[in-house]
Amino acid sequence: MKSLVRHLVPFGARVRLHQARRHLEWKLRPLPWAVERGNPADFPCVMDERSSPLHRVTAGSQGLTSDGKETNIALGSKAIDGLVIAPCEVFSFCRTIGPTTERRGYVPGLEMHDQELTRSPGGGLCQLANLLFALAVHADAEIVERHRHSFDLFPDADRTVPFGFGATVFYNHVDFQFRNTLDQPLLLHTWVEGDRLHGQIRMPADPGWRMRVIETGHRFFRENGAIHWENHLWKQRVLDDGTELERQPLFSTRATVLYPADHLVES
């Protein structure tokens, strides 16, 4: 049924329908959204910090991925920077960023719609969402809403996080949301410096533990003529001395690979 709707209803019409539905949901079922701002200096404990290059060499995609992305990520990181998520409050990427329109300064960047690459205002913001997802997991936040592409487009060079460890966004119906489950507030600190995106998630006081992410069962394999990868991710709470307190499953992921990977595939 979904494939039939996708074939019969134009993409733009489907987007407008989903956006209207989301606006109605925000109005009828509001959550305790995070809206207050703070100063990173008042949150001295850095629970986790991340950095990723704005220019990434990806086979078959040179000249595409960075087109417009730098402008969009710079705008998005400014919109996020300093946001405070109090205990029980929910962070929403779409509500915090707002509409990614050209009127607001966003420019066309690479996105994937209907399993095809295209350029749209705000394209490339998934890199910021990926970073925020990693920060949220390492602060032991509850993931309220998270989406991921079912296709892996390019083999990232110098990958430093497990496959599938991220989130995709598209204003406003494909959102990334997390809830602060701790007893103290969290602050998001995001900025662009040089050719890199940086981010931190900070707290007023050190809780005495940290979260780690563990990957198991990663493999490439061939099925029905297509190449796929899959893995299983776990989150582990450890004390400052490395003692494990608990380990919980995070999620399992499987995606179709759209690049040559024969040398990595199990037959």
# chains A, B, ... in the order shown; residues from 1 in each chain; ligands from 1
$ closest_atom_pairs --of "segment 90-162 of chain A" --to "segment 244-255 of chain A" --cutoff "12 Å" --atoms "only C-alpha atoms" --output "tab-separated table"
residue	atom	partner	partner_atom	distance
A:Ala134	CA	A:Leu250	CA	11.8
A:Val137	CA	A:Leu250	CA	9.0
A:His138	CA	A:Leu250	CA	11.5
A:Asp140	CA	A:Leu250	CA	10.6
A:Ala141	CA	A:Leu250	CA	11.5
A:Glu142	CA	A:Leu250	CA	10.5
A:Ile143	CA	A:Leu250	CA	9.8
A:Arg146	CA	A:Phe251	CA	11.2
A:His147	CA	A:Thr253	CA	11.2
A:Arg148	CA	A:Thr253	CA	9.1
A:His149	CA	A:Ala255	CA	7.7
A:Ser150	CA	A:Ala255	CA	4.8
A:Phe151	CA	A:Ala255	CA	5.2
A:Asp152	CA	A:Ala255	CA	6.3
A:Leu153	CA	A:Ala255	CA	9.9
A:Pro162	CA	A:Thr253	CA	10.3
$ residues_around --residues "segment 67-79 of chain A" --least-positions-apart "4" --cutoff "8 Å" --atoms "only C-alpha atoms" --output "list of chain:residue names"
A:Leu54, A:Gly63, A:Thr96, A:Ile97, A:Gly105, A:Tyr106, A:Val107, A:Pro108, A:Gly109, A:Leu110, A:Gly122, A:Gly123, A:Gly124, A:Leu125, A:Gln127, A:Leu128, A:Thr190, A:Trp191, A:Val192, A:Leu197
$ write_last_selection --atoms "N, CA and C atoms" --output "PDB file, in the first residue's frame"
ATOM      1  N   LEU A  54      33.118  18.629   7.842  1.00  0.00           N
ATOM      2  CA  LEU A  54      32.070  19.078   6.923  1.00  0.00           C
ATOM      3  C   LEU A  54      32.339  18.572   5.508  1.00  0.00           C
ATOM      4  N   GLY A  63      31.916  16.413  -4.685  1.00  0.00           N
ATOM      5  CA  GLY A  63      31.247  17.570  -5.259  1.00  0.00           C
ATOM      6  C   GLY A  63      29.767  17.623  -4.979  1.00  0.00           C
ATOM      7  N   THR A  96      13.189  23.001  17.254  1.00  0.00           N
ATOM      8  CA  THR A  96      14.289  23.902  17.606  1.00  0.00           C
ATOM      9  C   THR A  96      14.869  24.583  16.380  1.00  0.00           C
ATOM     10  N   ILE A  97      15.067  23.845  15.308  1.00  0.00           N
ATOM     11  CA  ILE A  97      15.627  24.396  14.074  1.00  0.00           C
ATOM     12  C   ILE A  97      14.618  25.293  13.364  1.00  0.00           C
ATOM     13  N   GLY A 105      17.485  31.717   5.225  1.00  0.00           N
ATOM     14  CA  GLY A 105      18.909  31.619   4.952  1.00  0.00           C
ATOM     15  C   GLY A 105      19.412  30.261   4.526  1.00  0.00           C
ATOM     16  N   TYR A 106      18.559  29.244   4.552  1.00  0.00           N
ATOM     17  CA  TYR A 106      18.999  27.910   4.172  1.00  0.00           C
ATOM     18  C   TYR A 106      19.116  27.812   2.649  1.00  0.00           C
ATOM     19  N   VAL A 107      20.062  27.019   2.206  1.00  0.00           N
ATOM     20  CA  VAL A 107      20.341  26.898   0.776  1.00  0.00           C
ATOM     21  C   VAL A 107      20.196  25.440   0.373  1.00  0.00           C
ATOM     22  N   PRO A 108      20.056  25.173  -0.935  1.00  0.00           N
ATOM     23  CA  PRO A 108      19.923  23.780  -1.384  1.00  0.00           C
ATOM     24  C   PRO A 108      21.152  22.942  -1.030  1.00  0.00           C
ATOM     25  N   GLY A 109      20.904  21.791  -0.460  1.00  0.00           N
ATOM     26  CA  GLY A 109      21.945  20.826  -0.117  1.00  0.00           C
ATOM     27  C   GLY A 109      21.427  19.434  -0.411  1.00  0.00           C
ATOM     28  N   LEU A 110      22.318  18.477  -0.387  1.00  0.00           N
ATOM     29  CA  LEU A 110      21.981  17.116  -0.778  1.00  0.00           C
ATOM     30  C   LEU A 110      21.097  16.438   0.255  1.00  0.00           C
ATOM     31  N   GLY A 122      18.151  23.374   3.203  1.00  0.00           N
ATOM     32  CA  GLY A 122      18.371  22.678   4.470  1.00  0.00           C
ATOM     33  C   GLY A 122      19.045  21.335   4.323  1.00  0.00           C
ATOM     34  N   GLY A 123      19.320  20.911   3.088  1.00  0.00           N
ATOM     35  CA  GLY A 123      19.964  19.627   2.877  1.00  0.00           C
ATOM     36  C   GLY A 123      21.317  19.545   3.576  1.00  0.00           C
ATOM     37  N   GLY A 124      21.601  18.400   4.173  1.00  0.00           N
ATOM     38  CA  GLY A 124      22.849  18.207   4.890  1.00  0.00           C
ATOM     39  C   GLY A 124      22.713  18.291   6.395  1.00  0.00           C
ATOM     40  N   LEU A 125      21.540  18.700   6.894  1.00  0.00           N
ATOM     41  CA  LEU A 125      21.364  18.834   8.340  1.00  0.00           C
ATOM     42  C   LEU A 125      21.368  17.497   9.071  1.00  0.00           C
ATOM     43  N   GLN A 127      23.721  15.554   9.214  1.00  0.00           N
ATOM     44  CA  GLN A 127      25.008  15.447   9.913  1.00  0.00           C
ATOM     45  C   GLN A 127      24.898  16.018  11.319  1.00  0.00           C
ATOM     46  N   LEU A 128      24.182  17.117  11.472  1.00  0.00           N
ATOM     47  CA  LEU A 128      23.956  17.705  12.792  1.00  0.00           C
ATOM     48  C   LEU A 128      23.071  16.798  13.636  1.00  0.00           C
ATOM     49  N   THR A 190      26.786  23.511  20.441  1.00  0.00           N
ATOM     50  CA  THR A 190      27.143  23.126  19.078  1.00  0.00           C
ATOM     51  C   THR A 190      27.709  24.328  18.341  1.00  0.00           C
ATOM     52  N   TRP A 191      28.738  24.088  17.532  1.00  0.00           N
ATOM     53  CA  TRP A 191      29.346  25.175  16.784  1.00  0.00           C
ATOM     54  C   TRP A 191      30.149  24.618  15.616  1.00  0.00           C
ATOM     55  N   VAL A 192      30.424  25.496  14.643  1.00  0.00           N
ATOM     56  CA  VAL A 192      31.273  25.166  13.500  1.00  0.00           C
ATOM     57  C   VAL A 192      32.561  25.958  13.638  1.00  0.00           C
ATOM     58  N   LEU A 197      32.310  20.351  12.329  1.00  0.00           N
ATOM     59  CA  LEU A 197      31.176  20.556  13.215  1.00  0.00           C
ATOM     60  C   LEU A 197      31.523  19.967  14.570  1.00  0.00           C
TER      61      LEU A 197
END
$ closest_residue --among "A:Pro40, A:Pro121, A:Pro10, A:Gly164" --to "His218 of chain A" --atoms "only C-alpha atoms"
A:Gly164
$ residues_around --residues "segment 81-90 of chain A" --least-positions-apart "2" --cutoff "10 Å" --atoms "only C-alpha atoms" --output "number ranges by chain"
A: 31-40, 43, 76-79, 92-93, 96, 141-144, 177-191, 199-203
$ write_last_selection --atoms "N, CA and C atoms" --output "compact mmCIF listing (two decimals), in the first residue's frame"
# COMPACT_ATOMS: atom_id res chain seq x y z
N LEU A 31 4.10 18.19 24.15
CA LEU A 31 5.02 17.62 25.13
C LEU A 31 5.72 18.76 25.87
N PRO A 32 6.38 18.46 26.98
CA PRO A 32 7.13 19.51 27.68
C PRO A 32 8.41 19.83 26.91
N TRP A 33 8.26 20.66 25.85
CA TRP A 33 9.38 20.92 24.95
C TRP A 33 10.45 21.78 25.62
N ALA A 34 11.69 21.51 25.30
CA ALA A 34 12.80 22.32 25.78
C ALA A 34 12.90 23.59 24.94
N VAL A 35 12.88 24.75 25.60
CA VAL A 35 12.95 26.03 24.89
C VAL A 35 13.91 27.02 25.55
N GLU A 36 14.26 26.80 26.81
CA GLU A 36 15.11 27.76 27.51
C GLU A 36 16.56 27.67 27.02
N ARG A 37 17.29 28.78 27.19
CA ARG A 37 18.69 28.84 26.79
C ARG A 37 19.58 29.06 28.02
N GLY A 38 20.81 28.58 27.91
CA GLY A 38 21.74 28.72 29.01
C GLY A 38 23.15 28.99 28.53
N ASN A 39 24.06 29.17 29.48
CA ASN A 39 25.45 29.44 29.20
C ASN A 39 26.27 28.18 29.47
N PRO A 40 27.07 27.72 28.49
CA PRO A 40 27.89 26.52 28.73
C PRO A 40 28.75 26.60 29.98
N PHE A 43 27.46 24.92 32.98
CA PHE A 43 27.31 23.47 32.86
C PHE A 43 28.72 22.89 32.64
N GLY A 76 22.03 25.73 11.45
CA GLY A 76 21.41 24.79 12.36
C GLY A 76 22.11 24.71 13.70
N SER A 77 23.44 24.73 13.69
CA SER A 77 24.18 24.64 14.94
C SER A 77 23.95 25.88 15.81
N LYS A 78 23.80 27.06 15.17
CA LYS A 78 23.49 28.27 15.94
C LYS A 78 22.11 28.18 16.58
N ALA A 79 21.16 27.56 15.87
CA ALA A 79 19.81 27.41 16.42
C ALA A 79 19.78 26.46 17.61
N SER A 92 13.31 18.55 20.56
CA SER A 92 12.83 18.27 19.21
C SER A 92 13.72 19.00 18.22
N PHE A 93 14.34 18.25 17.32
CA PHE A 93 15.20 18.87 16.31
C PHE A 93 14.39 19.82 15.45
N THR A 96 13.19 23.00 17.25
CA THR A 96 14.29 23.90 17.61
C THR A 96 14.87 24.58 16.38
N ALA A 141 19.89 9.61 27.50
CA ALA A 141 18.55 10.16 27.26
C ALA A 141 17.63 9.10 26.68
N GLU A 142 16.35 9.27 26.87
CA GLU A 142 15.35 8.39 26.27
C GLU A 142 15.08 8.88 24.84
N ILE A 143 15.29 8.03 23.86
CA ILE A 143 15.03 8.39 22.47
C ILE A 143 13.53 8.29 22.22
N VAL A 144 12.89 9.42 22.03
CA VAL A 144 11.44 9.48 21.84
C VAL A 144 11.07 9.23 20.38
N GLN A 177 13.83 13.30 18.40
CA GLN A 177 13.44 13.80 19.72
C GLN A 177 14.03 12.91 20.81
N PHE A 178 14.44 13.53 21.91
CA PHE A 178 14.86 12.75 23.08
C PHE A 178 14.42 13.45 24.35
N ARG A 179 14.24 12.66 25.41
CA ARG A 179 13.80 13.16 26.71
C ARG A 179 14.94 13.04 27.71
N ASN A 180 15.12 14.09 28.51
CA ASN A 180 16.12 14.07 29.58
C ASN A 180 15.56 13.26 30.75
N THR A 181 16.18 12.11 31.02
CA THR A 181 15.72 11.23 32.10
C THR A 181 16.52 11.42 33.39
N LEU A 182 17.46 12.36 33.39
CA LEU A 182 18.31 12.55 34.57
C LEU A 182 17.66 13.53 35.55
N ASP A 183 18.30 13.68 36.70
CA ASP A 183 17.76 14.58 37.72
C ASP A 183 18.39 15.96 37.68
N GLN A 184 19.12 16.27 36.62
CA GLN A 184 19.68 17.60 36.42
C GLN A 184 19.59 17.96 34.95
N PRO A 185 19.62 19.25 34.64
CA PRO A 185 19.42 19.68 33.25
C PRO A 185 20.63 19.35 32.38
N LEU A 186 20.37 19.29 31.08
CA LEU A 186 21.40 19.10 30.06
C LEU A 186 21.48 20.35 29.20
N LEU A 187 22.66 20.65 28.71
CA LEU A 187 22.83 21.78 27.78
C LEU A 187 23.54 21.28 26.53
N LEU A 188 23.02 21.68 25.36
CA LEU A 188 23.64 21.35 24.08
C LEU A 188 24.50 22.52 23.63
N HIS A 189 25.75 22.23 23.34
CA HIS A 189 26.69 23.25 22.87
C HIS A 189 27.18 22.80 21.49
N THR A 190 26.79 23.51 20.44
CA THR A 190 27.14 23.13 19.08
C THR A 190 27.71 24.33 18.34
N TRP A 191 28.74 24.09 17.53
CA TRP A 191 29.35 25.18 16.78
C TRP A 191 30.15 24.62 15.62
N GLY A 199 30.28 19.43 18.82
CA GLY A 199 29.15 19.42 19.72
C GLY A 199 29.49 18.82 21.06
N GLN A 200 28.83 19.32 22.10
CA GLN A 200 28.99 18.80 23.46
C GLN A 200 27.61 18.72 24.10
N ILE A 201 27.47 17.77 25.03
CA ILE A 201 26.30 17.75 25.91
C ILE A 201 26.83 17.86 27.33
N ARG A 202 26.35 18.87 28.07
CA ARG A 202 26.96 19.27 29.33
C ARG A 202 25.93 19.22 30.46
N MET A 203 26.45 19.08 31.70
CA MET A 203 25.62 19.04 32.90
C MET A 203 26.24 19.94 33.96
$ residues_around --residues "Arg196 of chain A" --least-positions-apart "2" --cutoff "7 Å" --atoms "only C-alpha atoms" --output "PyMOL selection string"
chain A and resi 51-54+192-194+198
$ write_last_selection --atoms "all heavy atoms" --output "PDB file, in the first residue's frame"
ATOM      1  N   SER A  51      32.937  15.515  17.129  1.00  0.00           N
ATOM      2  CA  SER A  51      33.405  16.377  16.048  1.00  0.00           C
ATOM      3  C   SER A  51      33.359  15.584  14.764  1.00  0.00           C
ATOM      4  O   SER A  51      33.689  14.394  14.754  1.00  0.00           O
ATOM      5  CB  SER A  51      34.829  16.862  16.339  1.00  0.00           C
ATOM      6  OG  SER A  51      35.349  17.585  15.243  1.00  0.00           O
ATOM      7  N   SER A  52      32.940  16.225  13.673  1.00  0.00           N
ATOM      8  CA  SER A  52      32.890  15.542  12.377  1.00  0.00           C
ATOM      9  C   SER A  52      33.241  16.531  11.277  1.00  0.00           C
ATOM     10  O   SER A  52      32.916  17.723  11.361  1.00  0.00           O
ATOM     11  CB  SER A  52      31.513  14.925  12.126  1.00  0.00           C
ATOM     12  OG  SER A  52      30.506  15.924  12.110  1.00  0.00           O
ATOM     13  N   PRO A  53      33.917  16.062  10.210  1.00  0.00           N
ATOM     14  CA  PRO A  53      34.325  16.957   9.122  1.00  0.00           C
ATOM     15  C   PRO A  53      33.146  17.362   8.250  1.00  0.00           C
ATOM     16  O   PRO A  53      32.272  16.540   7.942  1.00  0.00           O
ATOM     17  CB  PRO A  53      35.340  16.123   8.340  1.00  0.00           C
ATOM     18  CG  PRO A  53      34.920  14.712   8.590  1.00  0.00           C
ATOM     19  CD  PRO A  53      34.388  14.684   9.994  1.00  0.00           C
ATOM     20  N   LEU A  54      33.118  18.629   7.842  1.00  0.00           N
ATOM     21  CA  LEU A  54      32.070  19.078   6.923  1.00  0.00           C
ATOM     22  C   LEU A  54      32.339  18.572   5.508  1.00  0.00           C
ATOM     23  O   LEU A  54      31.403  18.395   4.727  1.00  0.00           O
ATOM     24  CB  LEU A  54      31.998  20.609   6.918  1.00  0.00           C
ATOM     25  CG  LEU A  54      31.585  21.245   8.244  1.00  0.00           C
ATOM     26  CD1 LEU A  54      31.612  22.762   8.128  1.00  0.00           C
ATOM     27  CD2 LEU A  54      30.205  20.766   8.674  1.00  0.00           C
ATOM     28  N   VAL A 192      30.424  25.496  14.643  1.00  0.00           N
ATOM     29  CA  VAL A 192      31.273  25.166  13.500  1.00  0.00           C
ATOM     30  C   VAL A 192      32.561  25.958  13.638  1.00  0.00           C
ATOM     31  O   VAL A 192      32.544  27.165  13.885  1.00  0.00           O
ATOM     32  CB  VAL A 192      30.579  25.496  12.163  1.00  0.00           C
ATOM     33  CG1 VAL A 192      31.562  25.366  10.995  1.00  0.00           C
ATOM     34  CG2 VAL A 192      29.377  24.587  11.953  1.00  0.00           C
ATOM     35  N   GLU A 193      33.667  25.261  13.503  1.00  0.00           N
ATOM     36  CA  GLU A 193      34.973  25.899  13.560  1.00  0.00           C
ATOM     37  C   GLU A 193      35.831  25.326  12.443  1.00  0.00           C
ATOM     38  O   GLU A 193      36.052  24.108  12.384  1.00  0.00           O
ATOM     39  CB  GLU A 193      35.630  25.645  14.912  1.00  0.00           C
ATOM     40  CG  GLU A 193      36.966  26.364  15.080  1.00  0.00           C
ATOM     41  CD  GLU A 193      37.549  26.181  16.472  1.00  0.00           C
ATOM     42  OE1 GLU A 193      36.851  25.616  17.342  1.00  0.00           O
ATOM     43  OE2 GLU A 193      38.693  26.598  16.684  1.00  0.00           O
ATOM     44  N   GLY A 194      36.282  26.210  11.550  1.00  0.00           N
ATOM     45  CA  GLY A 194      37.034  25.736  10.406  1.00  0.00           C
ATOM     46  C   GLY A 194      36.162  24.855   9.534  1.00  0.00           C
ATOM     47  O   GLY A 194      35.052  25.236   9.160  1.00  0.00           O
ATOM     48  N   HIS A 198      31.275  20.742  15.623  1.00  0.00           N
ATOM     49  CA  HIS A 198      31.587  20.301  16.985  1.00  0.00           C
ATOM     50  C   HIS A 198      30.314  20.321  17.833  1.00  0.00           C
ATOM     51  O   HIS A 198      29.418  21.144  17.618  1.00  0.00           O
ATOM     52  CB  HIS A 198      32.625  21.224  17.635  1.00  0.00           C
ATOM     53  CG  HIS A 198      33.921  21.297  16.890  1.00  0.00           C
ATOM     54  ND1 HIS A 198      34.978  20.455  17.149  1.00  0.00           N
ATOM     55  CD2 HIS A 198      34.322  22.123  15.884  1.00  0.00           C
ATOM     56  CE1 HIS A 198      35.987  20.750  16.343  1.00  0.00           C
ATOM     57  NE2 HIS A 198      35.615  21.757  15.569  1.00  0.00           N
TER      58      HIS A 198
END
$ residues_around --residues "Asp206 of chain A" --least-positions-apart "5" --cutoff "9 Å" --atoms "only C-alpha atoms" --output "JSON, numbers by chain"
{"A": [44, 45, 46, 47]}
$ write_last_selection --atoms "all heavy atoms" --output "CSV table (one decimal), in the first residue's frame"
chain,number,residue,atom,x,y,z
A,44,PRO,N,29.6,22.9,33.7
A,44,PRO,CA,31.0,22.6,33.5
A,44,PRO,C,31.3,21.1,33.2
A,44,PRO,O,32.4,20.8,32.7
A,44,PRO,CB,31.6,23.0,34.8
A,44,PRO,CG,30.5,22.9,35.8
A,44,PRO,CD,29.2,23.3,35.1
A,45,CYS,N,30.4,20.2,33.5
A,45,CYS,CA,30.6,18.8,33.2
A,45,CYS,C,30.3,18.4,31.8
A,45,CYS,O,29.1,18.5,31.4
A,45,CYS,CB,29.8,17.9,34.2
A,45,CYS,SG,30.0,16.1,33.9
A,46,VAL,N,31.3,18.0,31.0
A,46,VAL,CA,31.0,17.6,29.6
A,46,VAL,C,30.8,16.1,29.6
A,46,VAL,O,31.7,15.3,29.8
A,46,VAL,CB,32.2,18.0,28.7
A,46,VAL,CG1,32.0,17.5,27.3
A,46,VAL,CG2,32.5,19.5,28.7
A,47,MET,N,29.6,15.7,29.4
A,47,MET,CA,29.2,14.3,29.4
A,47,MET,C,29.8,13.6,28.1
A,47,MET,O,30.2,12.4,28.2
A,47,MET,CB,27.7,14.1,29.5
A,47,MET,CG,27.2,14.3,30.9
A,47,MET,SD,27.8,13.2,32.1
A,47,MET,CE,27.0,11.7,31.6
$ select_by_dssp --residues "segment 21-94 of chain A" --states "alpha helix (DSSP H)" --output "list in words"
Arg21, Arg22, His23, Leu24, Glu25, Trp26, Lys27, Leu28, Lys69, Glu70, Thr71, Asn72, Ile73, Ala74, Leu75, Gly76, Ser77, Lys78, Ala79, Ile80, Phe93 and Cys94 of chain A
$ write_last_selection --atoms "N, CA and C atoms" --output "CSV table (one decimal), in the first residue's frame"
chain,number,residue,atom,x,y,z
A,21,ARG,N,-0.1,17.2,9.4
A,21,ARG,CA,-0.4,16.2,10.5
A,21,ARG,C,0.4,16.5,11.7
A,22,ARG,N,1.7,16.8,11.5
A,22,ARG,CA,2.6,17.0,12.6
A,22,ARG,C,2.3,18.3,13.3
A,23,HIS,N,1.9,19.3,12.6
A,23,HIS,CA,1.5,20.6,13.3
A,23,HIS,C,0.3,20.4,14.1
A,24,LEU,N,-0.6,19.5,13.7
A,24,LEU,CA,-1.8,19.2,14.4
A,24,LEU,C,-1.5,18.4,15.7
A,25,GLU,N,-0.5,17.5,15.5
A,25,GLU,CA,-0.1,16.7,16.7
A,25,GLU,C,0.6,17.6,17.7
A,26,TRP,N,1.4,18.5,17.3
A,26,TRP,CA,2.0,19.5,18.2
A,26,TRP,C,1.0,20.3,19.0
A,27,LYS,N,-0.1,20.6,18.3
A,27,LYS,CA,-1.1,21.5,19.0
A,27,LYS,C,-2.0,20.7,19.9
A,28,LEU,N,-2.4,19.4,19.5
A,28,LEU,CA,-3.3,18.6,20.3
A,28,LEU,C,-2.6,17.8,21.4
A,69,LYS,N,25.9,22.4,2.2
A,69,LYS,CA,25.8,21.8,3.5
A,69,LYS,C,26.4,22.7,4.6
A,70,GLU,N,27.6,23.3,4.3
A,70,GLU,CA,28.2,24.1,5.3
A,70,GLU,C,27.4,25.2,5.8
A,71,THR,N,26.7,25.9,4.9
A,71,THR,CA,25.8,27.0,5.3
A,71,THR,C,24.7,26.5,6.1
A,72,ASN,N,24.1,25.4,5.7
A,72,ASN,CA,22.9,24.9,6.5
A,72,ASN,C,23.3,24.4,7.9
A,73,ILE,N,24.5,23.7,8.0
A,73,ILE,CA,24.9,23.2,9.3
A,73,ILE,C,25.3,24.4,10.2
A,74,ALA,N,25.9,25.4,9.6
A,74,ALA,CA,26.3,26.6,10.4
A,74,ALA,C,25.0,27.3,11.0
A,75,LEU,N,24.0,27.4,10.2
A,75,LEU,CA,22.7,27.9,10.7
A,75,LEU,C,22.0,27.0,11.7
A,76,GLY,N,22.0,25.7,11.4
A,76,GLY,CA,21.4,24.8,12.4
A,76,GLY,C,22.1,24.7,13.7
A,77,SER,N,23.4,24.7,13.7
A,77,SER,CA,24.2,24.6,14.9
A,77,SER,C,24.0,25.9,15.8
A,78,LYS,N,23.8,27.1,15.2
A,78,LYS,CA,23.5,28.3,15.9
A,78,LYS,C,22.1,28.2,16.6
A,79,ALA,N,21.2,27.6,15.9
A,79,ALA,CA,19.8,27.4,16.4
A,79,ALA,C,19.8,26.5,17.6
A,80,ILE,N,20.7,25.5,17.6
A,80,ILE,CA,20.7,24.5,18.7
A,80,ILE,C,21.5,25.0,19.9
A,93,PHE,N,14.3,18.3,17.3
A,93,PHE,CA,15.2,18.9,16.3
A,93,PHE,C,14.4,19.8,15.4
A,94,CYS,N,13.2,19.4,15.0
A,94,CYS,CA,12.5,20.2,14.0
A,94,CYS,C,11.9,21.4,14.7
$ atom_distance --atom1 "atom CA of Asn231 of chain A" --atom2 "atom CA of Glu215 of chain A"
6.9 Å
$ atom_distance --atom1 "atom CA of Arg50 of chain A" --atom2 "atom CA of Ile214 of chain A"
16.7 Å
